[in-house]
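Pasting final_25.pdb here (PDB, C-alpha atoms and all ligand atoms):
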```pdb
ATOM      1  CA  MET O   1     121.840 130.009  92.329  1.00  0.00           C
ATOM      2  CA  ASP O   2     118.781 128.804  90.406  1.00  0.00           C
ATOM      3  CA  ARG O   3     117.556 125.443  91.516  1.00  0.00           C
ATOM      4  CA  LEU O   4     117.407 122.645  88.959  1.00  0.00           C
ATOM      5  CA  LYS O   5     113.946 122.388  87.436  1.00  0.00           C
ATOM      6  CA  VAL O   6     112.947 118.719  87.686  1.00  0.00           C
ATOM      7  CA  ALA O   7     109.836 116.925  86.443  1.00  0.00           C
ATOM      8  CA  THR O   8     108.604 113.373  86.821  1.00  0.00           C
ATOM      9  CA  VAL O   9     105.972 111.980  84.484  1.00  0.00           C
ATOM     10  CA  TRP O  10     103.723 108.929  84.572  1.00  0.00           C
ATOM     11  CA  LEU O  11     102.820 107.471  81.166  1.00  0.00           C
ATOM     12  CA  GLY O  12     101.808 103.795  80.736  1.00  0.00           C
ATOM     13  CA  GLY O  13     103.088 102.422  84.029  1.00  0.00           C
ATOM     14  CA  CYS O  14     101.830 101.210  87.386  1.00  0.00           C
ATOM     15  CA  ALA O  15     103.233 104.097  89.497  1.00  0.00           C
ATOM     16  CA  GLY O  16     105.681 101.651  91.086  1.00  0.00           C
ATOM     17  CA  CYS O  17     108.625 103.696  89.829  1.00  0.00           C
ATOM     18  CA  HIS O  18     107.186 106.776  91.515  1.00  0.00           C
ATOM     19  CA  MET O  19     106.682 104.744  94.703  1.00  0.00           C
ATOM     20  CA  SER O  20     110.382 103.909  94.537  1.00  0.00           C
ATOM     21  CA  PHE O  21     111.140 107.622  94.104  1.00  0.00           C
ATOM     22  CA  LEU O  22     109.212 108.282  97.318  1.00  0.00           C
ATOM     23  CA  ASP O  23     111.351 105.568  98.959  1.00  0.00           C
ATOM     24  CA  LEU O  24     114.226 108.055  98.760  1.00  0.00           C
ATOM     25  CA  ASP O  25     112.960 108.993 102.244  1.00  0.00           C
ATOM     26  CA  GLU O  26     115.161 111.635 103.920  1.00  0.00           C
ATOM     27  CA  PHE O  27     117.077 112.242 100.662  1.00  0.00           C
ATOM     28  CA  LEU O  28     113.832 113.811  99.412  1.00  0.00           C
ATOM     29  CA  LEU O  29     114.452 116.623 101.908  1.00  0.00           C
ATOM     30  CA  GLU O  30     117.948 117.171 100.516  1.00  0.00           C
ATOM     31  CA  LEU O  31     116.493 117.131  97.009  1.00  0.00           C
ATOM     32  CA  ALA O  32     113.840 119.654  97.996  1.00  0.00           C
ATOM     33  CA  ASP O  33     116.642 122.104  98.903  1.00  0.00           C
ATOM     34  CA  GLN O  34     118.333 121.687  95.556  1.00  0.00           C
ATOM     35  CA  ILE O  35     115.602 121.242  92.985  1.00  0.00           C
ATOM     36  CA  GLU O  36     112.290 122.769  92.021  1.00  0.00           C
ATOM     37  CA  LEU O  37     109.741 120.058  91.235  1.00  0.00           C
ATOM     38  CA  VAL O  38     107.883 121.760  88.393  1.00  0.00           C
ATOM     39  CA  TYR O  39     105.647 118.901  87.175  1.00  0.00           C
ATOM     40  CA  SER O  40     104.839 115.493  88.638  1.00  0.00           C
ATOM     41  CA  PRO O  41     101.945 113.240  89.670  1.00  0.00           C
ATOM     42  CA  VAL O  42     102.750 114.389  93.212  1.00  0.00           C
ATOM     43  CA  VAL O  43     102.244 118.117  92.489  1.00  0.00           C
ATOM     44  CA  ASP O  44      99.141 119.827  91.160  1.00  0.00           C
ATOM     45  CA  MET O  45     100.459 121.187  87.852  1.00  0.00           C
ATOM     46  CA  LYS O  46      98.228 120.723  84.817  1.00  0.00           C
ATOM     47  CA  GLU O  47     100.513 121.809  81.966  1.00  0.00           C
ATOM     48  CA  TYR O  48     104.052 120.590  81.377  1.00  0.00           C
ATOM     49  CA  PRO O  49     106.169 123.756  81.623  1.00  0.00           C
ATOM     50  CA  GLU O  50     108.888 125.136  79.340  1.00  0.00           C
ATOM     51  CA  ASN O  51     112.600 124.972  80.162  1.00  0.00           C
ATOM     52  CA  VAL O  52     112.673 121.882  82.356  1.00  0.00           C
ATOM     53  CA  ASP O  53     116.219 120.778  83.193  1.00  0.00           C
ATOM     54  CA  VAL O  54     115.615 117.085  83.930  1.00  0.00           C
ATOM     55  CA  CYS O  55     112.582 114.854  83.464  1.00  0.00           C
ATOM     56  CA  LEU O  56     112.165 111.270  84.646  1.00  0.00           C
ATOM     57  CA  ILE O  57     109.542 109.499  82.528  1.00  0.00           C
ATOM     58  CA  GLU O  58     107.889 106.411  84.003  1.00  0.00           C
ATOM     59  CA  GLY O  59     105.958 104.050  81.768  1.00  0.00           C
ATOM     60  CA  ALA O  60     105.675 103.045  78.143  1.00  0.00           C
ATOM     61  CA  VAL O  61     104.034 104.982  75.323  1.00  0.00           C
ATOM     62  CA  CYS O  62     100.686 103.213  74.949  1.00  0.00           C
ATOM     63  CA  ASN O  63      98.162 105.716  73.632  1.00  0.00           C
ATOM     64  CA  GLU O  64      97.795 108.988  71.742  1.00  0.00           C
ATOM     65  CA  ASP O  65      97.903 111.045  74.956  1.00  0.00           C
ATOM     66  CA  ASN O  66     101.171 109.374  76.018  1.00  0.00           C
ATOM     67  CA  LEU O  67     102.677 110.106  72.602  1.00  0.00           C
ATOM     68  CA  GLU O  68     101.595 113.744  72.554  1.00  0.00           C
ATOM     69  CA  LEU O  69     102.917 114.312  76.086  1.00  0.00           C
ATOM     70  CA  ALA O  70     106.223 112.551  75.347  1.00  0.00           C
ATOM     71  CA  ARG O  71     106.759 114.838  72.337  1.00  0.00           C
ATOM     72  CA  LYS O  72     105.894 117.938  74.361  1.00  0.00           C
ATOM     73  CA  ILE O  73     108.250 116.855  77.150  1.00  0.00           C
ATOM     74  CA  ARG O  74     111.084 116.287  74.687  1.00  0.00           C
ATOM     75  CA  ALA O  75     110.613 119.724  73.166  1.00  0.00           C
ATOM     76  CA  ARG O  76     110.622 121.423  76.585  1.00  0.00           C
ATOM     77  CA  THR O  77     113.276 119.408  78.462  1.00  0.00           C
ATOM     78  CA  LYS O  78     117.086 119.442  78.397  1.00  0.00           C
ATOM     79  CA  VAL O  79     117.748 115.989  79.893  1.00  0.00           C
ATOM     80  CA  LEU O  80     115.244 113.195  79.520  1.00  0.00           C
ATOM     81  CA  VAL O  81     115.602 109.992  81.542  1.00  0.00           C
ATOM     82  CA  ALA O  82     113.694 106.769  80.766  1.00  0.00           C
ATOM     83  CA  PHE O  83     112.728 105.903  84.340  1.00  0.00           C
ATOM     84  CA  GLY O  84     112.177 102.179  84.953  1.00  0.00           C
ATOM     85  CA  ASP O  85     111.781  99.163  82.711  1.00  0.00           C
ATOM     86  CA  CYS O  86     108.419 100.142  81.210  1.00  0.00           C
ATOM     87  CA  ALA O  87     110.024 103.331  79.885  1.00  0.00           C
ATOM     88  CA  VAL O  88     113.266 101.562  78.916  1.00  0.00           C
ATOM     89  CA  THR O  89     111.879  98.435  77.180  1.00  0.00           C
ATOM     90  CA  ALA O  90     108.055  98.865  77.291  1.00  0.00           C
ATOM     91  CA  ASN O  91     108.066  95.892  79.715  1.00  0.00           C
ATOM     92  CA  VAL O  92     104.637  94.982  81.141  1.00  0.00           C
ATOM     93  CA  PRO O  93     102.429  97.225  78.948  1.00  0.00           C
ATOM     94  CA  ALA O  94     104.040  95.693  75.861  1.00  0.00           C
ATOM     95  CA  ILE O  95     102.652  92.254  76.703  1.00  0.00           C
ATOM     96  CA  ARG O  96      99.768  93.136  74.438  1.00  0.00           C
ATOM     97  CA  ASN O  97     102.227  93.449  71.532  1.00  0.00           C
ATOM     98  CA  GLN O  98     102.884  89.708  71.927  1.00  0.00           C
ATOM     99  CA  LEU O  99      99.255  88.781  71.339  1.00  0.00           C
ATOM    100  CA  GLY O 100      99.864  89.014  67.638  1.00  0.00           C
ATOM    101  CA  LEU O 101      97.044  91.493  67.289  1.00  0.00           C
ATOM    102  CA  ASP O 102      97.804  93.914  64.540  1.00  0.00           C
ATOM    103  CA  ASN O 103      95.971  96.999  65.691  1.00  0.00           C
ATOM    104  CA  ALA O 104      94.423  98.628  68.733  1.00  0.00           C
ATOM    105  CA  GLU O 105      90.906  97.680  67.671  1.00  0.00           C
ATOM    106  CA  SER O 106      91.845  93.969  67.796  1.00  0.00           C
ATOM    107  CA  VAL O 107      93.261  94.453  71.301  1.00  0.00           C
ATOM    108  CA  LEU O 108      90.065  96.096  72.497  1.00  0.00           C
ATOM    109  CA  GLN O 109      87.939  93.433  70.830  1.00  0.00           C
ATOM    110  CA  HIS O 110      89.981  90.703  72.516  1.00  0.00           C
ATOM    111  CA  ALA O 111      89.814  92.286  75.970  1.00  0.00           C
ATOM    112  CA  TYR O 112      86.333  93.798  76.087  1.00  0.00           C
ATOM    113  CA  ILE O 113      84.284  91.509  73.811  1.00  0.00           C
ATOM    114  CA  GLU O 114      85.853  88.062  73.535  1.00  0.00           C
ATOM    115  CA  HIS O 115      86.859  87.882  77.209  1.00  0.00           C
ATOM    116  CA  ALA O 116      83.949  89.761  78.703  1.00  0.00           C
ATOM    117  CA  ARG O 117      81.639  87.706  80.930  1.00  0.00           C
ATOM    118  CA  HIS O 118      79.208  90.541  81.495  1.00  0.00           C
ATOM    119  CA  ASN O 119      78.235  93.598  79.472  1.00  0.00           C
ATOM    120  CA  PRO O 120      80.609  93.206  76.531  1.00  0.00           C
ATOM    121  CA  GLY O 121      81.345  96.537  74.910  1.00  0.00           C
ATOM    122  CA  ILE O 122      84.362  98.561  73.939  1.00  0.00           C
ATOM    123  CA  PRO O 123      84.693 101.759  75.976  1.00  0.00           C
ATOM    124  CA  LYS O 124      84.593 104.756  73.658  1.00  0.00           C
ATOM    125  CA  ALA O 125      84.636 108.341  74.814  1.00  0.00           C
ATOM    126  CA  PRO O 126      86.335 110.644  72.294  1.00  0.00           C
ATOM    127  CA  GLY O 127      88.311 113.331  74.089  1.00  0.00           C
ATOM    128  CA  ILE O 128      88.108 111.434  77.382  1.00  0.00           C
ATOM    129  CA  VAL O 129      89.394 107.894  76.780  1.00  0.00           C
ATOM    130  CA  PRO O 130      92.603 108.241  74.732  1.00  0.00           C
ATOM    131  CA  GLU O 131      92.974 106.120  71.608  1.00  0.00           C
ATOM    132  CA  LEU O 132      95.385 103.185  71.944  1.00  0.00           C
ATOM    133  CA  LEU O 133      98.395 103.088  69.653  1.00  0.00           C
ATOM    134  CA  ALA O 134      98.635 100.010  67.448  1.00  0.00           C
ATOM    135  CA  ARG O 135     101.752  98.984  69.335  1.00  0.00           C
ATOM    136  CA  VAL O 136     103.161  99.873  72.763  1.00  0.00           C
ATOM    137  CA  MET O 137     106.588 101.549  72.539  1.00  0.00           C
ATOM    138  CA  PRO O 138     109.453 102.202  74.928  1.00  0.00           C
ATOM    139  CA  VAL O 139     110.012 105.933  75.307  1.00  0.00           C
ATOM    140  CA  HIS O 140     113.119 106.040  73.097  1.00  0.00           C
ATOM    141  CA  GLU O 141     111.075 104.778  70.116  1.00  0.00           C
ATOM    142  CA  ALA O 142     108.816 107.810  70.438  1.00  0.00           C
ATOM    143  CA  VAL O 143     111.355 110.512  71.305  1.00  0.00           C
ATOM    144  CA  GLU O 144     115.087 110.791  71.906  1.00  0.00           C
ATOM    145  CA  VAL O 145     116.117 109.695  75.409  1.00  0.00           C
ATOM    146  CA  ASP O 146     119.321 110.895  77.053  1.00  0.00           C
ATOM    147  CA  TYR O 147     119.713 108.352  79.854  1.00  0.00           C
ATOM    148  CA  PHE O 148     118.215 105.023  80.898  1.00  0.00           C
ATOM    149  CA  LEU O 149     117.456 104.106  84.503  1.00  0.00           C
ATOM    150  CA  PRO O 150     116.529 100.392  84.495  1.00  0.00           C
ATOM    151  CA  GLY O 151     114.651  98.355  87.090  1.00  0.00           C
ATOM    152  CA  CYS O 152     111.101  97.314  87.814  1.00  0.00           C
ATOM    153  CA  PRO O 153     111.077  99.506  89.717  1.00  0.00           C
ATOM    154  CA  PRO O 154     114.556 101.009  89.922  1.00  0.00           C
ATOM    155  CA  PRO O 155     115.523 100.769  93.601  1.00  0.00           C
ATOM    156  CA  ALA O 156     115.705 104.058  95.494  1.00  0.00           C
ATOM    157  CA  SER O 157     119.486 103.686  95.819  1.00  0.00           C
ATOM    158  CA  ARG O 158     119.803 103.690  92.028  1.00  0.00           C
ATOM    159  CA  ILE O 159     117.553 106.717  91.655  1.00  0.00           C
ATOM    160  CA  LYS O 160     119.609 108.514  94.313  1.00  0.00           C
ATOM    161  CA  THR O 161     122.876 107.732  92.510  1.00  0.00           C
ATOM    162  CA  LEU O 162     121.525 109.154  89.263  1.00  0.00           C
ATOM    163  CA  MET O 163     120.092 112.261  90.941  1.00  0.00           C
ATOM    164  CA  LEU O 164     123.372 112.934  92.781  1.00  0.00           C
ATOM    165  CA  GLN O 165     125.233 112.747  89.477  1.00  0.00           C
ATOM    166  CA  VAL O 166     122.749 115.095  87.842  1.00  0.00           C
ATOM    167  CA  LEU O 167     122.933 117.566  90.746  1.00  0.00           C
ATOM    168  CA  ALA O 168     126.741 117.511  90.566  1.00  0.00           C
ATOM    169  CA  GLY O 169     126.514 118.416  86.885  1.00  0.00           C
ATOM    170  CA  GLU O 170     128.062 115.075  85.926  1.00  0.00           C
ATOM    171  CA  THR O 171     127.037 112.844  83.060  1.00  0.00           C
ATOM    172  CA  PRO O 172     124.824 110.167  84.638  1.00  0.00           C
ATOM    173  CA  LYS O 173     126.581 106.822  84.515  1.00  0.00           C
ATOM    174  CA  LEU O 174     125.326 103.721  86.293  1.00  0.00           C
ATOM    175  CA  GLU O 175     127.673 100.780  86.557  1.00  0.00           C
ATOM    176  CA  GLY O 176     128.805  98.012  88.888  1.00  0.00           C
ATOM    177  CA  ALA O 177     127.415  98.403  92.406  1.00  0.00           C
ATOM    178  CA  ASP O 178     125.133 101.243  91.221  1.00  0.00           C
ATOM    179  CA  LEU O 179     123.054  98.585  89.503  1.00  0.00           C
ATOM    180  CA  LYS O 180     122.715  96.255  92.494  1.00  0.00           C
ATOM    181  CA  PHE O 181     119.374  96.068  94.224  1.00  0.00           C
ATOM    182  CA  GLY O 182     119.088  97.276  97.797  1.00  0.00           C
TER
HETATM  183  S1  LIG O 201     108.891  99.482  85.530  1.00  0.00           S
HETATM  184 FE1  LIG O 201     107.783  98.110  86.942  1.00  0.00          FE
HETATM  185  S2  LIG O 201     107.346  99.401  88.730  1.00  0.00           S
HETATM  186 FE2  LIG O 201     107.843 100.810  87.009  1.00  0.00          FE
HETATM  187  S3  LIG O 201     105.872 101.312  86.056  1.00  0.00           S
HETATM  188 FE3  LIG O 201     106.684  99.503  84.986  1.00  0.00          FE
HETATM  189  S4  LIG O 201     105.748  97.737  86.015  1.00  0.00           S
HETATM  190 FE4  LIG O 201     105.536  99.495  87.381  1.00  0.00          FE
END
```
Written as C-alpha cells, that's how I'd like the structure from this file.
Ligand code: SF4
Amino acid sequence: MDRLKVATVWLGGCAGCHMSFLDLDEFLLELADQIELVYSPVVDMKEYPENVDVCLIEGAVCNEDNLELARKIRARTKVLVAFGDCAVTANVPAIRNQLGLDNAESVLQHAYIEHARHNPGIPKAPGIVPELLARVMPVHEAVEVDYFLPGCPPPASRIKTLMLQVLAGETPKLEGADLKFG
C-alpha cells in the first residue's frame, strides 16, 4: 500500500510547532513506517511537490513568499492543516497589525528607523528579502484550510491524536481531552 505523502511547512512562525512535532519521540518511528515525508524543514527538499496527501502549515502569512508558497501548497495538497496558533489566528506575528500602521513600509520605518540606535536603514534586497504584506494573516485568510490544530505550540499529544486520525482515514476531530495540554 502507498504510504501517505505528508509535508510540514514553516511560514511566519518560530519553529516551536515543529519542535513540538519532534517531541512525538518514539511515535516518529511509527510515523516513519506509515508516511513518506515529502517536504519539511527537516528534509532537504527545495520544491513543494505535487500530490501531497496532508500538509501541516506552521506560522502566519507575513510576506509575499509566504503567500506564494501557501497558494502553491493549497493547489498541490489534498488536506491542509493550520498547525499551531500562528497559522490558526496569526498570533504573535500579527502583533504588528495592532500598531495601527497601515502598510508594510510604515512597519519597516517604525522598526528599522525610528527604533534603531545604530545604523538606521531599511533592509532591501529584491529577490532575497521578501516583501512584507501590509497585514499579517492567518493561513485560512490566504487559502482554504481543512482542519485547525490549535496551541502555541500544540502539544505533541494533540499532534499525535490528529495524525492517528488522519492515518486511520478518519475526519480529524479534536475535542475534550484531546485539547488538554500534556
Ligand atoms: S504557534 Fe507558538 S510555537 Fe508555533 S510558531 Fe507560533 S509562536 Fe511559535
Check: Got a sec to resolve the PyMOL selection byres (((not hetatm)) within 7 of (chain O and resi 201)) on this structure and send the residues as a count of residues only?
Finding: 16
Margin query: What's the separation between atom CA of O:Arg158 and atom CA of O:Ala75, in Å to one decimal place?
Written below: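 Here the two named atoms are 26.4 Å from each other.
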Could you give me the centre and size, in Å to one decimal, of an axis-aligned box around all listed atoms of stretch 50-68 of chain O with 4 Å added on every side, as JSON?
```
{"center_x": 107.0, "center_y": 114.1, "center_z": 78.2, "size_x": 26.4, "size_y": 30.1, "size_z": 20.9}
```
Can you tell me, as an mmCIF file with C-alpha atoms, in the coordinates of the input, what residues are no more than 10 Å from stretch 103-105 of chain O when counting only C-alpha atoms, ignoring any on the same chain fewer than 3 positions away?
```cif
data_model
loop_
_atom_site.group_PDB
_atom_site.id
_atom_site.type_symbol
_atom_site.label_atom_id
_atom_site.label_comp_id
_atom_site.auth_asym_id
_atom_site.auth_seq_id
_atom_site.Cartn_x
_atom_site.Cartn_y
_atom_site.Cartn_z
ATOM 1 C CA CYS O 62 100.686 103.213 74.949
ATOM 2 C CA ASN O 63 98.162 105.716 73.632
ATOM 3 C CA ARG O 96 99.768 93.136 74.438
ATOM 4 C CA ASN O 97 102.227 93.449 71.532
ATOM 5 C CA GLY O 100 99.864 89.014 67.638
ATOM 6 C CA LEU O 108 90.065 96.096 72.497
ATOM 7 C CA GLN O 109 87.939 93.433 70.830
ATOM 8 C CA HIS O 110 89.981 90.703 72.516
ATOM 9 C CA ALA O 111 89.814 92.286 75.970
ATOM 10 C CA ILE O 122 84.362 98.561 73.939
ATOM 11 C CA GLU O 131 92.974 106.120 71.608
ATOM 12 C CA LEU O 132 95.385 103.185 71.944
ATOM 13 C CA LEU O 133 98.395 103.088 69.653
ATOM 14 C CA ALA O 134 98.635 100.010 67.448
ATOM 15 C CA ARG O 135 101.752 98.984 69.335
ATOM 16 C CA VAL O 136 103.161 99.873 72.763
#
```
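Atom to atom, atom CA of O:His18 and atom CA of O:Phe148 stand 15.4 Å apart.
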Margin query: Could you tell me how far atom CA of O:Pro172 sits from atom CA of O:Pro154, in Å to one decimal place?
Written below: 14.7 Å
Check: Using all atoms listed in the file, which residue out of O:Leu4, O:Ile128, O:Ile57, O:Val139 lies closest to O:Ile35?
Finding: O:Leu4
Notebook entry, point to check: When the PyMOL selection byres (((chain O and resi 166) around 12) and not hetatm) is applied to the file above, which residues end up in the set, as a ChimeraX atom specification?
Noted result: /O:4-6,31,34-35,53-56,78-81,147,159-165,167-174
Note to self: Taking only C-alpha atoms into account, name the residue in O:Asn119, O:Asn66, O:Ser157, O:Thr77 that is nearest to O:Met137.
What the structure shows: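 Of O:Asn119, O:Asn66, O:Ser157, O:Thr77, the one nearest O:Met137, counting only C-alpha atoms, is O:Asn66.
By all atoms listed in the file, and with residues fewer than 6 positions from O:Arg76 along its chain excluded, the set lying at most 7 Å from it is O:Glu50, O:Asn51, O:Val52.
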Next item on the list: Pick out the residues sitting within 9 Å of O:Gly121, and hand them over as a ChimeraX atom specification; count all atoms listed in the file, and ignore anything fewer than 5 positions along from it in its own chain.
Entry: /O:109,112-113,116
Notebook entry, point to check: Of the residues O:Arg74, O:Glu36, O:Glu47, O:Leu24, which is the one nearest to O:Asp2, using only C-alpha atoms?
Noted result: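 Closest to O:Asp2, using only C-alpha atoms: O:Glu36.
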